[in-house]
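Worksheet: one structure, shown below.
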Amino acid sequence: MAELYNHREVETKWQKVWDDEKAFKTSEDYSKPKYYALVEFPYPSGQGLHVGHPRPYTALDIVARKRRMQGYNVLYPMGWDAFGLPTENYAIQNHIHPKIVTENNVARFKNQLHSLGYSFDWDREVNTTDPNYYKWTQWIFLKLFKAGLAYKSEMPINWCTSCKVGLANEEVVNGVCERCGSEVVRKVKSQWMLKITEYADKLIEGLDGVDYIEKVKVSQKNWIGKSTGAEVDFSIKDKEDKLRIYTTRCDTLFGVTYMVVSPEHPIIDKYRDELKNWDEISAYREQAARKSDFERAELAKEKTGVKIDGMTAINPVNNKEIPIFISDYVLMSYGTGAIMAVPAHDERDWDFAKKFGLPIIEVVAGGKNVQEEVYTDVATGILCNSGFLDGLNVAEAKEKMIAFLEEKGIGTAKTNFKLRDWVFSRQRYWGEPIPIVQCEKCGYVPIDESELPLELPEVDSYMPTDNGESPIAMMTDWVNTTCPCCGGAAKRETDTMPQWAGSSWYFLRYTDPTNAEALASKEALNYWMPVDWYNGGMEHTTLHLLYSRFWHKFLYDEKVVPCSEPYMKRTSHGMILGSNGEKMSKSRGNVVNPDDIVRDYGADTLRTYEMFIGAFDLSASWSEDGVKGCRRFLERVWKLQDIMTDDIAYSKDMETKMHQTIKKVSNDFENLKYNTAIAAMMALINDFYKKNAVTKGEFKTLLTLLNPVAPHMTEELWQITGFEGKVYQTTWPEYDEAKTVEATVEIAVQINGKTKATLVIGKEDAKEDVIAKAKEAIADKLTGTIVKEIYVPGRIVNIVQK
RNA sequence: GCCGGCGUGUCGGAAUGGCAGACGAGGCAGACUCAAAAUCUGUUGUGGGCAACCACGUAUGGGUUCAAGUCCCAUCGCCGGCACCA
């Protein structure tokens with residue numbers, strides 16, 4: 001009888017063996033085929049590892065382990081995205097240096113990850129807060145600055161009232177701070193910005209060449225928000241100035257019955273003295289300014305606005321005089337801050353026109369009465385009431401109109417994006433210092449590369465200031481410096497970089513993590529990049545993914561990296577929810593600590609369970625019973641020792657099943673179908689128990705297939721059984737396609753599509769014979785006239801009778 | 001509102017258009033035990049019948065097909081993302 005399975009002993013033992021043997025050290029032999037598997041590196045929070053973390057880590061650990069057995073040189077690294085607010089807030093509250101907090105958290109995380117038996121190459125660990133790392137983050141920033149892609153700008157930013165920090169648009173969710181949930185207000189500040197908009201087109205085009213799951217591609221495209229249309233100049237009656245608008249529907253120009261400008265539009269200030277209802281306009285502007293963007297959007301249902309009295313516009317295609325309104329449904333931040341309104345064919349314009357009693361002119365026929373219902377279908381509509389466009393479809397009309405506008409010099413084709421430049425400044429301590437000094441004479445001057453890393457100064461307090469300056473600003477010794485350009489007195493930039501900075505290029509550093517001369521050597525980058533498979537959370541598909549692709553594309557243009565896209569394949573895992581189906585949180589009391597599971601059931605059980613829990617990309621609820629079921633499965637594998645025979649080959653009756661299982665597990669591991677791969681192995685051992693026997697050869701194959709999921713136990717069994725070497729050094733089993741097919745199959749015999757009997761036939765049996773046998777089997781039920789006989793080889797016989 | 005995704009036993013979930021419910025959990029019955037736990041064996045979609053068997057079943061209503069959970073149309077519900085982007 002086998003000894004009882006003691007997971008603590010077994011797991012500690014093998015973790016030590018792997019460490020001692022440097023079992024998963026990445027080779028620097030660049031002649032072997034490479035495989036770069038990447039998971040998002042965690043933020044080492046004070047709470048320690050969450051049961052959500054092991055899901056993606058285990059999934060790609062399986063892929064990495066399998067690839068090694070298939071002969072690849074595998075890079076599967078891990079590191080720490082350690083700058084960030086929670087650490088800083090903890091430091092403030094407890095008066096501990098964030099560096100110390102980070103060290104402690106990292107140590108704990110590392111221990112926890114180690115206890116799960118991941119095959120990370122810990123020699124390549126990176127930490128974004130390490131000066132030797134952020135030296136290169138700063139270096140990239142300098143490159144961006146020199147290329148004109150980093151600039152400082154006075155602009156209204158999203159200011160979190162609680163974090164006291166500016167946020168990128170992407171970090172504001174439903175009008176509140178993504179991180180702390182506090183109110184976000186608009187505040188004008190001078191901010192470092194990165195011109196991600198310059199790469200908008202490349203970021204869309206690049207998606208065609210990569211293998212991302214569809215919804216990730218869609219959300220990247222939505223976020224960038226490309227639209228094609230035209231800019232058109234409307235003249236203002238009796239004025240020199242033109243009012244330029246952006247539209248995607250220049251085909252509807254004949255249907256324009258009024259215009260709307262955003263409350264912030266400069267034209268209003270320019271002609272304020274001539275406007276007859278200035279008081280009304282100014283009151284509306286104040287009201288709009290007080291609202292945050294969020295409130296403006298929230299109040300979307302009811303349109304508001306004021307007609308500008310004393311200024312009208314002329315429609316350039318028919319010279320009609322039309323009124324101009326101001327309304328906050330037009331945003332200054334998109335397009336030109338002014339629109340032409342075509343109420344018949346735009347929902348918002350229609351609402352507005354109805355409210356203010358403005359004329360609605362149909363210019364695209366095909367809908368119902370536009371006085372009663374807006375018509376926006378561009379696919380089937382035909383132009384009418386539109387002079388030279390009449391009779392054309394929408395696409396043709398657009399084209400003809402643009403040609404007309406360009407010929408007359410009143411408009412041009414124009415592409416717009418929703419994507420805004422990236423607000424890159426944070427007024428906090430725990431981030432990378434921005435390596436720029438401000439000189440009164442020379443302006444913003446980059447520090448010399450030789451001075452990198454520009455290390456964070458020691459400060460007395462990490463508390464952010466109410467005036468919106470980083471605590472670093474207090475450190476005058478550090479702040480006051482000399483200008484690298486003229487040598488005169490200058491001040492250092494005191495804003496730091498956002499957390500996204502360090503994670504925008506970390507995958508490059510893993511390829512050559514200790515390089516002091518470059519962010520990584522050319523050889524390492526040429527060999528390892530791009531990442532072959534990158535898995536991460538859906539919550540990072542718009543932010544981190546976009547930012548890191550932007551940096552990568554920039555570095556590609558700078559000839560720093562060898563490929564234009566960083567990740568060949570991107571997948572996403574679902575969240576692990578509490579047993580009540582809600583998100584795990586302390587306040588809900590449904591948090592599961594992975595340490596407890598490792599202690600009570602073992603790392604292999606936790607790994608198996610998280611892979612078995614359900615479809616990888618969907619969220620799944622935690623179930624302790626499910627954990628027990630997986631532990632039971634592993635124990636049943638353990639006890640196979642007792643029924644093992646000495647035969648090193650597959651037994652005759654199991655041969656097909658073995659080949660089928662190898663095929664299924666191999667394919668499922670590649671396609672994120674870990675749950676069905678494990679189910680197949682469960683079914684296999686159920687068969688062994690049914691027979692009450694497993695050959696040594698079968699056992700060996702099972703251990704190899706199961707090893708990526710449950711590495712500790714399979715190594716132990718491998719050793720107990722006396723197989724040579726270690727499982728991690730063995731080769732992945734092959735299957736023979738011909739042998740996955742059974743010699744005989746059971747097929748269903750149906751009458752009119754309803755199964756009436758089953759029949760065992762030879763795989764190669766002729767159609768006539770099978771049908772004859774089938775008819776025999778259901779002879780008593782064949783009462784009508786047979787109209788059709790269908791045989792799908794190896795599957796089904798269907799007799800159609802009347 | 002727009003764009004994705006989904007809807008299958010008691011539960012988590014399987015099913016290249018070809019015998020729905022693999023695998024796991026839970027339940028029930030039995031074995032072992034003084035007993036319990038653990039383990040093992042059997043059973044477990046619903047309705048009817050002693051039975052072999054019959055009928056019905058993948059959100060709802062239609063359709064295509066010899067055959068539909070799977071394809072098409074409509075409806076309802078849930079989840080996620082975007083949201084006055086002109």
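Quick note on naming: the chains in the structure tokens go A, B, ... in the order shown, residues restart at 1 in each chain, and ligands are numbered from 1 in order of appearance.
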Step one, run DSSP on the backbone; step two, keep only residues of stretch 304-489 of chain A assigned to helix (DSSP H, G or I); then write them as JSON, numbers by chain.
-> {"A": [343, 344, 345, 347, 348, 349, 350, 351, 352, 353, 354, 355, 356, 387, 388, 389, 394, 395, 396, 397, 398, 399, 400, 401, 402, 403, 404, 405, 406, 407, 408, 449, 450, 451, 471, 472, 473, 474, 476, 477, 478, 479]}
Which polymer residues have any atom within 12 Å of an atom of stretch 28-42 of chain B, counting only C-alpha atoms (C1' of nucleotides), with same-chain residues fewer than 2 positions away left out, as a list in words?
-> Arg632, Glu635, Arg636, Lys639, Tyr689 and Lys690 of chain A; G26 and U44 of chain B
Wanna dump the chain B-chain A contacts at 12 Å for me, each residue with its shortest atom pair and the distance in Å to one decimal, counting only C-alpha atoms (C1' of nucleotides), ordered by chain and number, as CSV?
```
residue,atom,partner,partner_atom,distance
B:G1,C1',A:Glu347,CA,10.0
B:C2,C1',A:Asn222,CA,11.1
B:C3,C1',A:Val218,CA,8.4
B:G4,C1',A:Lys215,CA,6.4
B:G5,C1',A:Lys215,CA,8.8
B:C6,C1',A:Leu618,CA,10.0
B:C11,C1',A:Ser623,CA,10.0
B:G12,C1',A:Ile613,CA,6.9
B:G13,C1',A:Gly614,CA,6.4
B:A14,C1',A:Thr676,CA,7.6
B:A15,C1',A:Thr676,CA,11.1
B:G17,C1',A:Val792,CA,12.0
B:G18,C1',A:Ile796,CA,6.1
B:C19,C1',A:Ala748,CA,5.5
B:A22,C1',A:Ala679,CA,7.9
B:C23,C1',A:Ala679,CA,4.4
B:G24,C1',A:Gly629,CA,6.4
B:A25,C1',A:Gly626,CA,5.9
B:G26,C1',A:Asp625,CA,8.8
B:A38,C1',A:Arg632,CA,10.8
B:U39,C1',A:Arg632,CA,10.3
B:C40,C1',A:Tyr689,CA,11.1
B:U41,C1',A:Lys690,CA,11.2
B:C53,C1',A:Lys756,CA,11.2
B:C54,C1',A:Lys756,CA,11.6
B:U65,C1',A:Gly753,CA,10.7
B:C66,C1',A:Val800,CA,6.2
B:A67,C1',A:Gly753,CA,5.1
B:A68,C1',A:Gly753,CA,11.0
B:C79,C1',A:Ser619,CA,9.9
B:G80,C1',A:Met538,CA,9.5
B:G81,C1',A:Ser219,CA,7.0
B:C82,C1',A:Asn222,CA,7.1
B:A83,C1',A:Ala297,CA,8.3
B:C84,C1',A:Tyr329,CA,4.9
B:C85,C1',A:Lys418,CA,6.0
B:A86,C1',A:Thr247,CA,5.7
```
Find the residues around A:Lys400 up to 9 Å (only C-alpha atoms (C1' of nucleotides) counted), leave out those fewer than 6 positions away in its own chain, and share them as a list in words.
->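 With the cut-off at 9 Å, the set is Asp251, Phe388 and Leu389 of chain A.
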Out of stretch 124-352 of chain A, which residues get strand (DSSP E) from DSSP, as a PyMOL selection string?
-> chain A and resi 126-127+150-160+165-167+172-173+176-177+184-194+211-212+227-236+242-247+258-261+306-314+321-326+338-341
Quick one: residues within 12 Å of A:Asp477, only C-alpha atoms (C1' of nucleotides) counted, chain neighbours fewer than 2 positions away excluded, as a ChimeraX atom specification?
-> /A:457-459,472-475,479-482,490-492
Residue neighbourhood stretch 424-431 of chain A, 8 Å, only C-alpha atoms (C1' of nucleotides), exclusion window fewer than 3 positions, as a PyMOL selection string = chain A and resi 83-85+87-88+98+129+164-168+191-194+462+464+468-472+494-499
